[in-house]
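Input: a single structure, listed below in structure tokens.
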Amino acid sequence: MTVRSHGPESSRQPVRGGALAAVAALLLSGLFAACTAPPPAPYAEDEPTEATVMTETVERRTFDTVLSLPATVVAGLAFQVTAPATGILVERDGALFMQLDSGREIRVGGGARIETLLVAPGTEVVAGLPLAEAVHDGFALRASVTGEHLLRLTAPAGGSTKGGPPVRAAGEVRGSSGPFDCDLVDPVPSSTDPSVVEEGSSFLACAVPETVRVIAGMSGQLVVTLATHDDVLSLPLEAIAGTVDRARVSVKDGDEVVERDVTLGGSNGYLVEIVDGLREGDEVLIPSPSLLE
């Protein structure tokens with residue numbers, strides 16, 4: 001197997017890849033069968049095989065952590081405004097604020113309005129508690145939020161490289177015009193009924209601009225940006241084995257290849273931030289070590 005480098009210098013190194021060759025054999029077998037030709041003869045178990053792997057240099061890049069959600073166009077959206085953090089709810093000059101060090105304002109966007117307060121000003125509240133009922137009179141792009149996505153979206157602002165409240169949003173509706181920027185009616189996942197906590201009861205919604213022609217029921221996609229990672233060490237996801245909490249890579253160390261644990265940050269679905277465990281310029285094998293064993 002030949003090691004090819006994407007970095008400034010290339011090197012060659014034989015690497016055995018029995019598992020990878022087996023996966024390739026299965027894919028080839030299915031492809032040939034679809035063409036009505038007989039599948040290739042399988043490799044003997046004791047016959048060594050070689051597969052081509054590449055190396056990727058750890059580099060600094062800038063990218064966004066994004067979350068893409070299936071969405072539906074709705075009209076006359078009713079929702080609840082929830083507390084973005086734990087603190088005391090205060091009212092000042094007709095606006096609602098959380099009494100925190102930052103004096104964070106509670107607002108609704110996209111032309112929505114607060115109709116009824118559910119909590120009296122001066123009350124101490126916890127993050128995620130419904131504070132008010134609100135309504136958006138125009139069209140909105142609504143996306144259900146469940147499971148892991150809900151945890152990512154409700155992470156404290158600046159407290160995680162993997163999540164946090166959205167910093168901006170964009171949408172697209174099938175059969176209408178192209179992608180458009182849009183304002184979230186509430187950056188914290190909302191619900192229509194606080195007593196309903198079943199799967200899919202929480203959602204994000206953004207106001208569809210008046211220049212975009214839609215009707216209720218059309219389907220689309222809502223994409224929210226959770227964070228921007230500027231000039232961070234990163235690798236393609238295919239170089240990583242394991243999970244977000246326990247990840248490892250295969251690193252070239254002279255003439256040897258060693259496995260190394262790494263700490264991951266945010267990802268855009270292709271690149272992932274390397275928080276710890278690697279240095280700029282390190283060469284890492286692709287695919288990940290789990291496919292090379």
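Ligands are numbered from 1 in the order shown, residues from 1 within each chain, and chains are lettered A, B, ... in the order they appear in the structure tokens.
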- Who sits within 8 Å of Gly110 in chain A, only C-alpha atoms, same chain under 2 positions skipped, as a list of chain:residue names: A:Val108, A:Ala112, A:His136, A:Cys182, A:Asp183, A:Leu184, A:Val185, A:Cys206, A:Ala207
- Just the residues within 6 Å of Ala83 in chain A, please, counting only C-alpha atoms, with nothing from its chain fewer than 5 positions along; format it as a list of chain:residue names.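 In the requested format, the answer is A:Ala127, A:Gly128, A:Leu129.
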Now that the selection is made, can you save its residues with C-alpha atoms as a JSON list (two decimals), in the first residue's frame?
```json
[["chain", "number", "residue", "atom", "x", "y", "z"],
["A", 127, "ALA", "CA", -32.50, 28.35, 31.93],
["A", 128, "GLY", "CA", -35.14, 26.91, 29.60],
["A", 129, "LEU", "CA", -38.16, 28.05, 31.65]]
```
- If you count only C-alpha atoms, which residues fall within 8 Å of Ala205 in chain A, apart from same-chain ones fewer than 5 positions away, as a list in words? Ala140, Leu141, Arg142, Ala143, Leu184, Val185 and Asp186 of chain A
Residue subset to file, keeping N, CA, C and O atoms, as an mmCIF file, in the first residue's frame:
```cif
data_model
loop_
_atom_site.group_PDB
_atom_site.id
_atom_site.type_symbol
_atom_site.label_atom_id
_atom_site.label_comp_id
_atom_site.auth_asym_id
_atom_site.auth_seq_id
_atom_site.Cartn_x
_atom_site.Cartn_y
_atom_site.Cartn_z
ATOM 1 N N ALA A 140 -43.305 31.335 8.517
ATOM 2 C CA ALA A 140 -42.067 30.965 9.216
ATOM 3 C C ALA A 140 -41.650 29.573 8.767
ATOM 4 O O ALA A 140 -42.484 28.743 8.384
ATOM 5 N N LEU A 141 -40.363 29.330 8.812
ATOM 6 C CA LEU A 141 -39.801 28.018 8.506
ATOM 7 C C LEU A 141 -39.517 27.332 9.838
ATOM 8 O O LEU A 141 -38.666 27.774 10.605
ATOM 9 N N ARG A 142 -40.268 26.257 10.117
ATOM 10 C CA ARG A 142 -40.248 25.611 11.439
ATOM 11 C C ARG A 142 -39.568 24.248 11.360
ATOM 12 O O ARG A 142 -39.904 23.425 10.511
ATOM 13 N N ALA A 143 -38.614 24.009 12.267
ATOM 14 C CA ALA A 143 -37.866 22.747 12.292
ATOM 15 C C ALA A 143 -37.914 22.145 13.688
ATOM 16 O O ALA A 143 -37.591 22.822 14.677
ATOM 17 N N LEU A 184 -34.220 34.223 13.412
ATOM 18 C CA LEU A 184 -34.920 33.284 14.283
ATOM 19 C C LEU A 184 -35.911 34.049 15.144
ATOM 20 O O LEU A 184 -35.588 35.111 15.702
ATOM 21 N N VAL A 185 -37.119 33.520 15.296
ATOM 22 C CA VAL A 185 -38.099 34.193 16.158
ATOM 23 C C VAL A 185 -37.681 34.075 17.618
ATOM 24 O O VAL A 185 -38.021 34.926 18.443
ATOM 25 N N ASP A 186 -36.935 33.015 17.951
ATOM 26 C CA ASP A 186 -36.373 32.848 19.291
ATOM 27 C C ASP A 186 -35.124 31.987 19.130
ATOM 28 O O ASP A 186 -35.197 30.871 18.608
#
```
- Message: Could you tell me how far CA of Arg279 in chain A sits from CA of Gly254 in chain A, in Å to one decimal place?
- Response: 14.9 Å
- Message: I'd like to know which of A:Leu271, A:Thr146, A:Gln221, A:Ser250 is closest to Val53 in chain A, using only C-alpha atoms.
- Response: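 Distance minimum relative to Val53 in chain A lands on A:Ser250.
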Which residues are near Leu285 in chain A? Cut-off 9 Å, only C-alpha atoms, ignore same chain within fewer than 2 positions. Put them as an mmCIF file with N, CA and C atoms, in the first residue's frame.
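Writing the result to result-v6.cif gives the following:
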```
data_model
loop_
_atom_site.group_PDB
_atom_site.id
_atom_site.type_symbol
_atom_site.label_atom_id
_atom_site.label_comp_id
_atom_site.auth_asym_id
_atom_site.auth_seq_id
_atom_site.Cartn_x
_atom_site.Cartn_y
_atom_site.Cartn_z
ATOM 1 N N VAL A 3 1.578 5.223 0.700
ATOM 2 C CA VAL A 3 1.145 6.388 1.467
ATOM 3 C C VAL A 3 1.393 7.620 0.634
ATOM 4 N N SER A 5 0.907 11.825 0.374
ATOM 5 C CA SER A 5 0.742 12.987 1.249
ATOM 6 C C SER A 5 0.021 14.106 0.539
ATOM 7 N N VAL A 53 -3.557 4.193 1.241
ATOM 8 C CA VAL A 53 -3.981 5.183 2.227
ATOM 9 C C VAL A 53 -3.226 6.474 1.939
ATOM 10 N N MET A 54 -3.687 7.555 2.521
ATOM 11 C CA MET A 54 -3.063 8.859 2.300
ATOM 12 C C MET A 54 -2.736 9.488 3.633
ATOM 13 N N THR A 55 -1.940 10.533 3.592
ATOM 14 C CA THR A 55 -1.681 11.304 4.796
ATOM 15 C C THR A 55 -2.219 12.713 4.611
ATOM 16 N N GLU A 56 -2.708 13.275 5.687
ATOM 17 C CA GLU A 56 -3.232 14.647 5.699
ATOM 18 C C GLU A 56 -2.441 15.441 6.727
ATOM 19 N N THR A 57 -1.965 16.606 6.350
ATOM 20 C CA THR A 57 -1.204 17.456 7.258
ATOM 21 C C THR A 57 -2.146 18.271 8.135
ATOM 22 N N ALA A 239 -10.211 11.127 9.102
ATOM 23 C CA ALA A 239 -8.950 10.797 9.770
ATOM 24 C C ALA A 239 -9.157 10.421 11.223
ATOM 25 N N VAL A 249 -6.143 9.118 16.359
ATOM 26 C CA VAL A 249 -5.675 9.185 14.981
ATOM 27 C C VAL A 249 -4.392 8.376 14.859
ATOM 28 N N SER A 250 -3.996 8.070 13.608
ATOM 29 C CA SER A 250 -2.718 7.417 13.324
ATOM 30 C C SER A 250 -1.761 8.477 12.793
ATOM 31 N N VAL A 251 -0.663 8.696 13.498
ATOM 32 C CA VAL A 251 0.272 9.760 13.180
ATOM 33 C C VAL A 251 1.597 9.172 12.699
ATOM 34 N N LYS A 252 2.159 9.733 11.634
ATOM 35 C CA LYS A 252 3.486 9.340 11.178
ATOM 36 C C LYS A 252 4.533 9.940 12.106
ATOM 37 N N VAL A 257 4.378 4.469 12.461
ATOM 38 C CA VAL A 257 3.026 5.009 12.578
ATOM 39 C C VAL A 257 2.523 4.688 13.976
ATOM 40 N N GLU A 283 1.597 14.753 10.398
ATOM 41 C CA GLU A 283 0.983 14.029 9.291
ATOM 42 C C GLU A 283 0.188 12.852 9.830
ATOM 43 N N PRO A 287 -7.506 6.413 5.741
ATOM 44 C CA PRO A 287 -8.602 6.516 6.709
ATOM 45 C C PRO A 287 -8.108 6.427 8.155
ATOM 46 N N SER A 288 -9.081 6.522 9.071
ATOM 47 C CA SER A 288 -8.805 6.501 10.499
ATOM 48 C C SER A 288 -8.275 5.123 10.902
ATOM 49 N N PRO A 289 -7.640 5.027 12.092
ATOM 50 C CA PRO A 289 -7.057 3.753 12.515
ATOM 51 C C PRO A 289 -8.035 2.591 12.610
#
```
